[in-house]
file my_file.txt (compact mmCIF, C-alpha atoms)
# COMPACT_ATOMS: atom_id res chain seq x y z
CA MET A 1 19.97 42.11 -27.34
CA ALA A 2 22.90 39.70 -27.64
CA THR A 3 23.02 39.42 -23.84
CA ASP A 4 19.30 38.54 -23.71
CA LYS A 5 19.78 35.89 -26.39
CA THR A 6 22.73 34.39 -24.52
CA GLN A 7 20.72 34.24 -21.31
CA ALA A 8 17.78 32.64 -23.10
CA GLU A 9 20.04 29.95 -24.54
CA GLN A 10 21.69 29.08 -21.21
CA PRO A 11 20.98 25.46 -20.21
CA LEU A 12 18.74 24.88 -17.24
CA THR A 13 20.43 23.99 -13.99
CA VAL A 14 19.96 20.60 -12.34
CA GLU A 15 17.84 22.31 -9.69
CA GLU A 16 15.56 23.85 -12.32
CA ARG A 17 15.26 20.55 -14.19
CA LEU A 18 14.44 18.61 -11.01
CA LYS A 19 11.85 21.17 -10.00
CA SER A 20 10.22 21.02 -13.44
CA LEU A 21 10.34 17.23 -13.33
CA TYR A 22 8.52 17.15 -10.00
CA GLN A 23 5.92 19.58 -11.36
CA LEU A 24 5.52 17.25 -14.34
CA GLN A 25 5.06 14.32 -11.95
CA THR A 26 2.36 16.24 -10.07
CA VAL A 27 0.49 16.94 -13.31
CA LEU A 28 0.79 13.34 -14.53
CA SER A 29 -0.35 12.02 -11.14
CA GLU A 30 -3.47 14.15 -11.45
CA ILE A 31 -4.09 12.68 -14.92
CA ASP A 32 -3.63 9.22 -13.40
CA ARG A 33 -6.19 10.11 -10.74
CA ILE A 34 -8.69 11.12 -13.44
CA LYS A 35 -8.11 7.79 -15.20
CA GLN A 36 -8.70 5.96 -11.90
CA VAL A 37 -12.09 7.65 -11.65
CA ARG A 38 -13.00 5.84 -14.87
CA GLY A 39 -11.91 2.62 -13.20
CA ASP A 40 -12.11 -0.51 -15.29
CA LEU A 41 -14.82 0.90 -17.55
CA PRO A 42 -12.55 1.41 -20.60
CA LEU A 43 -11.33 -2.19 -20.32
CA GLU A 44 -14.86 -3.48 -19.79
CA VAL A 45 -16.05 -1.60 -22.88
CA LYS A 46 -13.14 -2.98 -24.94
CA ASP A 47 -13.81 -6.54 -23.72
CA LEU A 48 -17.50 -6.24 -24.55
CA GLU A 49 -16.71 -4.88 -28.02
CA ASP A 50 -14.32 -7.78 -28.64
CA ASN A 51 -16.90 -10.30 -27.39
CA ILE A 52 -19.58 -8.79 -29.61
CA GLU A 53 -17.31 -9.02 -32.65
CA GLY A 54 -16.62 -12.64 -31.74
CA LEU A 55 -20.34 -13.40 -31.44
CA LYS A 56 -21.07 -11.75 -34.80
CA THR A 57 -18.30 -13.80 -36.40
CA ARG A 58 -19.76 -16.95 -34.85
CA ILE A 59 -23.19 -16.17 -36.29
CA GLU A 60 -21.64 -15.53 -39.71
CA ASN A 61 -19.85 -18.89 -39.53
CA TYR A 62 -23.05 -20.69 -38.49
CA THR A 63 -24.88 -19.03 -41.39
CA LYS A 64 -22.19 -20.13 -43.85
CA GLU A 65 -22.36 -23.67 -42.48
CA ILE A 66 -26.16 -23.70 -42.89
CA ASP A 67 -25.82 -22.45 -46.48
CA GLU A 68 -23.34 -25.24 -47.19
CA LEU A 69 -25.68 -27.81 -45.58
CA HIS A 70 -28.53 -26.57 -47.78
CA ARG A 71 -26.32 -27.00 -50.84
CA LYS A 72 -25.45 -30.54 -49.79
CA LEU A 73 -29.11 -31.27 -49.06
CA ALA A 74 -30.11 -30.05 -52.53
CA SER A 75 -27.36 -32.18 -54.05
CA GLU A 76 -28.65 -35.28 -52.26
CA LYS A 77 -32.19 -34.60 -53.50
CA GLU A 78 -30.86 -34.26 -57.01
CA LYS A 79 -29.11 -37.61 -56.63
CA ILE A 80 -32.40 -39.17 -55.52
CA ASN A 81 -34.14 -37.79 -58.62
CA GLU A 82 -31.40 -39.22 -60.81
CA SER A 83 -31.59 -42.61 -59.09
CA GLU A 84 -35.38 -42.70 -59.38
CA ALA A 85 -35.12 -41.89 -63.08
CA LYS A 86 -32.61 -44.71 -63.54
CA ILE A 87 -34.83 -47.16 -61.63
CA ALA A 88 -37.81 -46.27 -63.84
CA ARG A 89 -35.68 -46.78 -66.95
CA TYR A 90 -34.28 -50.10 -65.70
CA LYS A 91 -37.77 -51.37 -64.85
CA GLU A 92 -38.93 -50.56 -68.38
CA GLN A 93 -35.97 -52.48 -69.73
CA LEU A 94 -36.86 -55.45 -67.52
CA ASP A 95 -40.03 -55.92 -69.53
CA ASN A 96 -37.97 -56.49 -72.65
CA VAL A 97 -35.09 -58.66 -71.37
CA ARG A 98 -33.98 -61.46 -73.67
CA ASN A 99 -32.08 -63.63 -71.17
CA ASN A 100 -31.37 -64.20 -67.49
CA ARG A 101 -28.05 -62.39 -67.68
CA GLU A 102 -29.72 -59.12 -68.73
CA PHE A 103 -32.43 -59.64 -66.07
CA ASP A 104 -29.85 -60.13 -63.28
CA LEU A 105 -27.83 -57.14 -64.43
CA LEU A 106 -30.86 -54.82 -64.51
CA THR A 107 -32.14 -56.15 -61.17
CA LYS A 108 -28.77 -55.41 -59.53
CA GLU A 109 -28.81 -51.89 -60.99
CA VAL A 110 -32.28 -51.32 -59.50
CA GLU A 111 -31.10 -52.60 -56.12
CA PHE A 112 -27.98 -50.42 -56.29
CA GLN A 113 -29.97 -47.28 -57.11
CA THR A 114 -32.44 -48.12 -54.33
CA LEU A 115 -29.55 -48.30 -51.86
CA GLU A 116 -28.25 -45.00 -53.24
CA ILE A 117 -31.64 -43.42 -52.54
CA GLU A 118 -31.64 -44.78 -48.97
CA LEU A 119 -28.14 -43.40 -48.42
CA CYS A 120 -29.15 -40.00 -49.82
CA GLU A 121 -32.23 -39.96 -47.57
CA LYS A 122 -30.00 -40.68 -44.57
CA HIS A 123 -27.72 -37.81 -45.56
CA ILE A 124 -30.77 -35.54 -46.01
CA ASN A 125 -31.97 -36.40 -42.50
CA ASP A 126 -28.49 -35.80 -41.07
CA PHE A 127 -28.20 -32.47 -42.88
CA GLY A 128 -31.68 -31.47 -41.72
CA ARG A 129 -30.81 -32.14 -38.08
CA ALA A 130 -27.55 -30.26 -38.48
CA ILE A 131 -29.42 -27.29 -39.96
CA ASP A 132 -31.87 -27.32 -37.05
CA ASN A 133 -29.00 -27.44 -34.56
CA LYS A 134 -27.12 -24.60 -36.28
CA THR A 135 -30.31 -22.54 -36.45
CA ALA A 136 -30.81 -23.07 -32.71
CA ASP A 137 -27.18 -22.08 -32.12
CA ILE A 138 -27.73 -18.87 -34.10
CA ALA A 139 -30.83 -18.03 -32.05
CA ALA A 140 -28.98 -18.65 -28.77
CA THR A 141 -25.98 -16.63 -29.91
CA ARG A 142 -28.22 -13.75 -30.99
CA ASP A 143 -29.77 -13.70 -27.52
CA VAL A 144 -26.30 -13.46 -25.96
CA LEU A 145 -25.34 -10.82 -28.54
CA ALA A 146 -28.40 -8.71 -27.75
CA ASP A 147 -27.60 -8.90 -24.03
CA HIS A 148 -23.96 -7.91 -24.62
CA GLU A 149 -24.97 -5.01 -26.84
CA HIS A 150 -27.38 -3.77 -24.18
CA VAL A 151 -24.70 -3.93 -21.48
CA LEU A 152 -22.18 -2.27 -23.83
CA GLN A 153 -24.53 0.64 -24.45
CA GLU A 154 -24.94 1.15 -20.71
CA LYS A 155 -21.18 0.96 -20.10
CA LYS A 156 -20.46 3.36 -22.97
CA SER A 157 -22.99 5.86 -21.66
CA GLU A 158 -21.51 5.63 -18.18
CA LEU A 159 -17.97 6.05 -19.51
CA GLU A 160 -18.94 8.93 -21.79
CA GLU A 161 -20.55 10.72 -18.84
CA ILE A 162 -17.38 10.38 -16.76
CA VAL A 163 -15.13 11.38 -19.67
CA SER A 164 -17.24 14.42 -20.50
CA GLU A 165 -17.01 15.60 -16.89
CA THR A 166 -13.21 15.36 -16.83
CA ARG A 167 -12.29 15.97 -20.49
CA GLN A 168 -11.58 19.70 -20.13
CA GLN A 169 -9.52 19.21 -16.98
CA GLU A 170 -7.53 16.37 -18.55
CA GLU A 171 -6.85 18.38 -21.70
CA GLN A 172 -5.55 21.28 -19.61
CA LEU A 173 -3.32 18.95 -17.60
CA ARG A 174 -1.94 17.33 -20.74
CA GLU A 175 -1.14 20.77 -22.13
CA GLU A 176 0.69 21.63 -18.88
CA ALA A 177 2.66 18.38 -19.09
CA LYS A 178 3.57 19.12 -22.71
CA ASN A 179 4.88 22.57 -21.73
CA LEU A 180 6.91 21.18 -18.82
CA GLU A 181 8.71 18.44 -20.74
CA PRO A 182 11.10 20.82 -22.61
CA ARG A 183 12.31 22.05 -19.19
CA VAL A 184 13.84 18.63 -18.51
CA ASP A 185 16.79 17.20 -20.45
CA GLU A 186 15.95 14.31 -22.79
CA ARG A 187 18.00 11.71 -20.92
CA THR A 188 16.44 12.44 -17.54
CA LEU A 189 12.96 12.69 -19.07
CA ALA A 190 13.36 9.32 -20.80
CA ALA A 191 14.52 7.72 -17.54
CA PHE A 192 11.62 9.32 -15.68
CA LYS A 193 9.07 7.97 -18.18
CA ARG A 194 10.62 4.50 -18.00
CA ILE A 195 10.49 4.52 -14.19
CA ARG A 196 6.89 5.74 -14.21
CA LYS A 197 5.86 2.98 -16.60
CA ASN A 198 7.32 0.30 -14.35
CA ALA A 199 6.18 1.82 -11.05
CA ARG A 200 2.87 0.54 -9.71
CA ASN A 201 1.91 3.97 -8.34
CA GLY A 202 3.22 5.84 -11.40
CA LEU A 203 5.79 7.83 -9.39
CA GLY A 204 9.03 8.48 -11.23
CA ILE A 205 10.34 11.17 -8.88
CA VAL A 206 9.81 11.38 -5.11
CA TYR A 207 10.97 13.49 -2.19
CA ILE A 208 12.68 12.30 0.98
CA GLN A 209 10.38 11.38 3.86
CA ARG A 210 11.67 10.37 7.29
CA ASN A 211 15.17 9.95 5.90
CA ALA A 212 13.86 7.42 3.36
CA CYS A 213 12.91 7.23 -0.31
CA GLY A 214 9.36 8.44 -0.81
CA GLY A 215 8.76 5.65 -3.30
CA CYS A 216 10.03 2.43 -1.75
CA PHE A 217 10.66 3.81 1.78
CA ASN A 218 14.13 2.33 2.05
CA ARG A 219 16.46 4.37 4.23
CA ILE A 220 18.80 6.83 2.50
CA PRO A 221 22.34 7.26 3.90
CA PRO A 222 23.01 10.74 5.38
CA GLN A 223 25.75 11.45 2.82
CA LYS A 224 23.36 10.80 -0.08
CA GLN A 225 20.67 12.91 1.59
CA MET A 226 23.16 15.76 1.71
CA GLU A 227 23.94 15.33 -2.00
CA ILE A 228 20.21 15.42 -2.80
CA LYS A 229 19.79 18.65 -0.85
CA MET A 230 22.69 20.23 -2.73
CA ARG A 231 20.78 19.80 -6.04
CA LYS A 232 23.94 19.51 -8.09
CA LYS A 233 23.13 16.24 -9.88
CA VAL A 234 20.29 13.85 -10.54
CA ILE A 235 20.31 11.10 -7.89
CA VAL A 236 18.24 7.93 -8.03
CA CYS A 237 17.26 5.51 -5.27
CA GLU A 238 19.58 2.50 -5.30
CA TYR A 239 16.63 0.23 -4.39
CA CYS A 240 13.73 1.29 -6.64
CA GLY A 241 15.50 3.50 -9.22
CA ARG A 242 13.23 6.51 -8.63
CA ILE A 243 14.67 9.99 -8.97
CA MET A 244 14.89 11.71 -5.57
CA ILE A 245 14.67 15.37 -4.55
CA ASP A 246 14.48 17.17 -1.23
CA PRO A 247 11.02 18.24 0.02
CA GLU A 248 11.85 21.96 -0.10
CA LEU A 249 12.54 21.81 -3.85
CA ALA A 250 9.31 19.86 -4.32
CA GLY A 251 7.46 22.65 -2.53
CA VAL A 252 6.36 20.31 0.22
CA THR A 253 6.28 21.28 3.89
CA LEU A 254 6.76 18.18 6.00
CA ALA A 255 5.30 17.66 9.43
CA PRO A 256 7.98 17.35 12.15
CA ALA A 257 7.36 13.60 12.33
CA ASP A 258 8.09 13.21 8.61
CA LYS A 259 11.38 15.10 8.57

call {"tool": "encode", "arguments": {"input": "my_file.txt", "output": "structure tokens"}}
result
Amino acid sequence: MATDKTQAEQPLTVEERLKSLYQLQTVLSEIDRIKQVRGDLPLEVKDLEDNIEGLKTRIENYTKEIDELHRKLASEKEKINESEAKIARYKEQLDNVRNNREFDLLTKEVEFQTLEIELCEKHINDFGRAIDNKTADIAATRDVLADHEHVLQEKKSELEEIVSETRQQEEQLREEAKNLEPRVDERTLAAFKRIRKNARNGLGIVYIQRNACGGCFNRIPPQKQMEIKMRKKVIVCEYCGRIMIDPELAGVTLAPADK
């Protein structure tokens, strides 16, 4: 029992770790392929959702502006009522003036209130036009919103159909990847993930092809090729930084032209 426990706790060899890492790469590449099938749909859906939120916010802002314009319009009408009441009162007082000074003072007050009414009427007209313009903006924005929502529904349905077709396969692959990760040391795994993130094709580990790196295709010196085949340490490409293994360990049979 003690012997079995000791064997179970023995660290994995470099060869075993590299082999597991390449298997992990194969699984992750298949997940990448599934994502490529979805294409730009996830991004298109996200962009449409963001645009729709922006349009809704714009409509809310227009609505608030219209409410504020209505409040200002009501205030101007109230000012007109107050000015008209003052004019009526001043005109009554004009009938009972006792001297020219009182007459001139009341006449100027009537003129002032008349000007105030004209100014308020101008403001009312301006506010009315602004309300009409904002209302038209809301109608136009709602048309664009309805169109975006229609397109979003189509895109979501299309994406959901693709996702539903590949969901089970992707879940299985992710489970495989999860089970493979413990078979690689943390340092190498972290480096692999970093390389994959920066690599355009998502390859963090590659095998030698035609005496060159399978990632960037720069030639590998014979001595380094020999070290890779010995599987004694993790070796990276000096040009692209990808981890390299020999084709045999990757389980790949190369055509004579590729050896």

call {"tool": "closest_residue", "arguments": {"input": "my_file.txt", "among": "A:Glu82, A:His123, A:Val234, A:Val151", "to": "Asp47 (chain A)", "atoms": "all atoms listed in the file"}}
result
A:Val151

call {"tool": "closest_residue", "arguments": {"input": "my_file.txt", "among": "A:Leu159, A:Val252, A:Cys213, A:Ala139", "to": "Cys237 (chain A)", "atoms": "only C-alpha atoms"}}
result
A:Cys213

call {"tool": "closest_residue", "arguments": {"input": "my_file.txt", "among": "A:Met226, A:Asp185, A:Lys56, A:Glu248", "to": "Ala146 (chain A)", "atoms": "all atoms listed in the file"}}
result
A:Lys56

call {"tool": "atom_distance", "arguments": {"input": "my_file.txt", "atom1": "CA of Glu109 (chain A)", "atom2": "CA of Ile87 (chain A)"}}
result
7.7 Å

call {"tool": "atom_distance", "arguments": {"input": "my_file.txt", "atom1": "CA of Ile59 (chain A)", "atom2": "CA of Ile138 (chain A)"}}
result
5.7 Å

call {"tool": "closest_residue", "arguments": {"input": "my_file.txt", "among": "A:Phe103, A:Thr13, A:Val163, A:Ala88", "to": "Val37 (chain A)", "atoms": "all atoms listed in the file"}}
result
A:Val163

call {"tool": "residues_around", "arguments": {"input": "my_file.txt", "residues": "region 133-137 of chain A", "least_positions_apart": "6", "cutoff": "9 Å", "atoms": "all atoms listed in the file", "output": "mmCIF file with C-alpha atoms, keeping the file's coordinate frame"}}
result
data_model
loop_
_atom_site.group_PDB
_atom_site.id
_atom_site.type_symbol
_atom_site.label_atom_id
_atom_site.label_comp_id
_atom_site.auth_asym_id
_atom_site.auth_seq_id
_atom_site.Cartn_x
_atom_site.Cartn_y
_atom_site.Cartn_z
ATOM 1 C CA ILE A 59 -23.190 -16.170 -36.290
ATOM 2 C CA TYR A 62 -23.050 -20.690 -38.490
ATOM 3 C CA THR A 63 -24.880 -19.030 -41.390
ATOM 4 C CA GLU A 65 -22.360 -23.670 -42.480
ATOM 5 C CA ILE A 66 -26.160 -23.700 -42.890
#

call {"tool": "closest_residue", "arguments": {"input": "my_file.txt", "among": "A:Asp147, A:Asp67, A:Glu78, A:Glu170", "to": "Ser29 (chain A)", "atoms": "all atoms listed in the file"}}
result
A:Glu170

call {"tool": "atom_distance", "arguments": {"input": "my_file.txt", "atom1": "CA of Ile31 (chain A)", "atom2": "CA of Arg174 (chain A)"}}
result
7.8 Å

call {"tool": "axis_aligned_box", "arguments": {"input": "my_file.txt", "around": "region 208-225 of chain A", "padding_each_side": "4 Å", "output": "lines of an AutoDock Vina configuration file"}}
result
center_x = 17.3
center_y = 7.6
center_z = 2.0
size_x = 25.0
size_y = 18.6
size_z = 18.6

call {"tool": "build_atoms", "arguments": {"input": "my_file.txt", "residues": "region 85-117 of chain A", "atoms": "N, CA and C atoms", "output": "short mmCIF file (atom, residue, chain, number, x, y, z; two decimals), keeping the file's coordinate frame"}}
result
data_model
loop_
_atom_site.label_atom_id
_atom_site.label_comp_id
_atom_site.auth_asym_id
_atom_site.auth_seq_id
_atom_site.Cartn_x
_atom_site.Cartn_y
_atom_site.Cartn_z
N ALA A 85 -34.99 -41.86 -61.62
CA ALA A 85 -35.12 -41.89 -63.08
C ALA A 85 -34.45 -43.15 -63.65
N LYS A 86 -33.30 -43.50 -63.09
CA LYS A 86 -32.61 -44.71 -63.54
C LYS A 86 -33.42 -45.96 -63.22
N ILE A 87 -34.02 -46.01 -62.02
CA ILE A 87 -34.83 -47.16 -61.63
C ILE A 87 -36.00 -47.33 -62.59
N ALA A 88 -36.66 -46.21 -62.91
CA ALA A 88 -37.81 -46.27 -63.84
C ALA A 88 -37.36 -46.80 -65.20
N ARG A 89 -36.20 -46.34 -65.65
CA ARG A 89 -35.68 -46.78 -66.95
C ARG A 89 -35.31 -48.26 -66.92
N TYR A 90 -34.67 -48.69 -65.81
CA TYR A 90 -34.28 -50.10 -65.70
C TYR A 90 -35.51 -51.01 -65.64
N LYS A 91 -36.55 -50.56 -64.96
CA LYS A 91 -37.77 -51.37 -64.85
C LYS A 91 -38.45 -51.51 -66.22
N GLU A 92 -38.38 -50.46 -67.01
CA GLU A 92 -38.93 -50.56 -68.38
C GLU A 92 -38.15 -51.58 -69.19
N GLN A 93 -36.82 -51.55 -68.99
CA GLN A 93 -35.97 -52.48 -69.73
C GLN A 93 -36.19 -53.94 -69.29
N LEU A 94 -36.61 -54.10 -68.02
CA LEU A 94 -36.86 -55.45 -67.52
C LEU A 94 -37.99 -56.15 -68.29
N ASP A 95 -38.90 -55.33 -68.79
CA ASP A 95 -40.03 -55.92 -69.53
C ASP A 95 -39.59 -56.48 -70.88
N ASN A 96 -38.41 -56.08 -71.32
CA ASN A 96 -37.97 -56.49 -72.65
C ASN A 96 -36.66 -57.31 -72.61
N VAL A 97 -36.34 -57.89 -71.47
CA VAL A 97 -35.09 -58.66 -71.37
C VAL A 97 -35.17 -59.91 -72.24
N ARG A 98 -34.00 -60.30 -72.78
CA ARG A 98 -33.98 -61.46 -73.67
C ARG A 98 -33.37 -62.69 -73.01
N ASN A 99 -32.67 -62.48 -71.86
CA ASN A 99 -32.08 -63.63 -71.17
C ASN A 99 -31.90 -63.31 -69.68
N ASN A 100 -31.55 -64.34 -68.95
CA ASN A 100 -31.37 -64.20 -67.49
C ASN A 100 -30.22 -63.26 -67.13
N ARG A 101 -29.20 -63.26 -67.96
CA ARG A 101 -28.05 -62.39 -67.68
C ARG A 101 -28.47 -60.92 -67.68
N GLU A 102 -29.23 -60.50 -68.67
CA GLU A 102 -29.72 -59.12 -68.73
C GLU A 102 -30.65 -58.84 -67.54
N PHE A 103 -31.48 -59.82 -67.20
CA PHE A 103 -32.43 -59.64 -66.07
C PHE A 103 -31.66 -59.42 -64.77
N ASP A 104 -30.65 -60.27 -64.51
CA ASP A 104 -29.85 -60.13 -63.28
C ASP A 104 -29.12 -58.80 -63.23
N LEU A 105 -28.57 -58.41 -64.37
CA LEU A 105 -27.83 -57.14 -64.43
C LEU A 105 -28.73 -55.95 -64.13
N LEU A 106 -29.92 -55.92 -64.73
CA LEU A 106 -30.86 -54.82 -64.51
C LEU A 106 -31.39 -54.83 -63.08
N THR A 107 -31.64 -56.03 -62.55
CA THR A 107 -32.14 -56.15 -61.17
C THR A 107 -31.11 -55.60 -60.18
N LYS A 108 -29.84 -55.92 -60.41
CA LYS A 108 -28.77 -55.41 -59.53
C LYS A 108 -28.66 -53.89 -59.62
N GLU A 109 -28.86 -53.35 -60.82
CA GLU A 109 -28.81 -51.89 -60.99
C GLU A 109 -29.95 -51.22 -60.21
N VAL A 110 -31.14 -51.86 -60.24
CA VAL A 110 -32.28 -51.32 -59.50
C VAL A 110 -31.99 -51.36 -58.00
N GLU A 111 -31.43 -52.47 -57.54
CA GLU A 111 -31.10 -52.60 -56.12
C GLU A 111 -30.05 -51.56 -55.70
N PHE A 112 -29.05 -51.38 -56.59
CA PHE A 112 -27.98 -50.42 -56.29
C PHE A 112 -28.54 -48.99 -56.18
N GLN A 113 -29.38 -48.62 -57.13
CA GLN A 113 -29.97 -47.28 -57.11
C GLN A 113 -30.90 -47.11 -55.92
N THR A 114 -31.58 -48.18 -55.52
CA THR A 114 -32.44 -48.12 -54.33
C THR A 114 -31.61 -47.86 -53.09
N LEU A 115 -30.46 -48.54 -52.99
CA LEU A 115 -29.55 -48.30 -51.86
C LEU A 115 -29.00 -46.87 -51.89
N GLU A 116 -28.73 -46.38 -53.10
CA GLU A 116 -28.25 -45.00 -53.24
C GLU A 116 -29.29 -44.02 -52.72
N ILE A 117 -30.55 -44.28 -53.02
CA ILE A 117 -31.64 -43.42 -52.54
C ILE A 117 -31.71 -43.45 -51.02
#
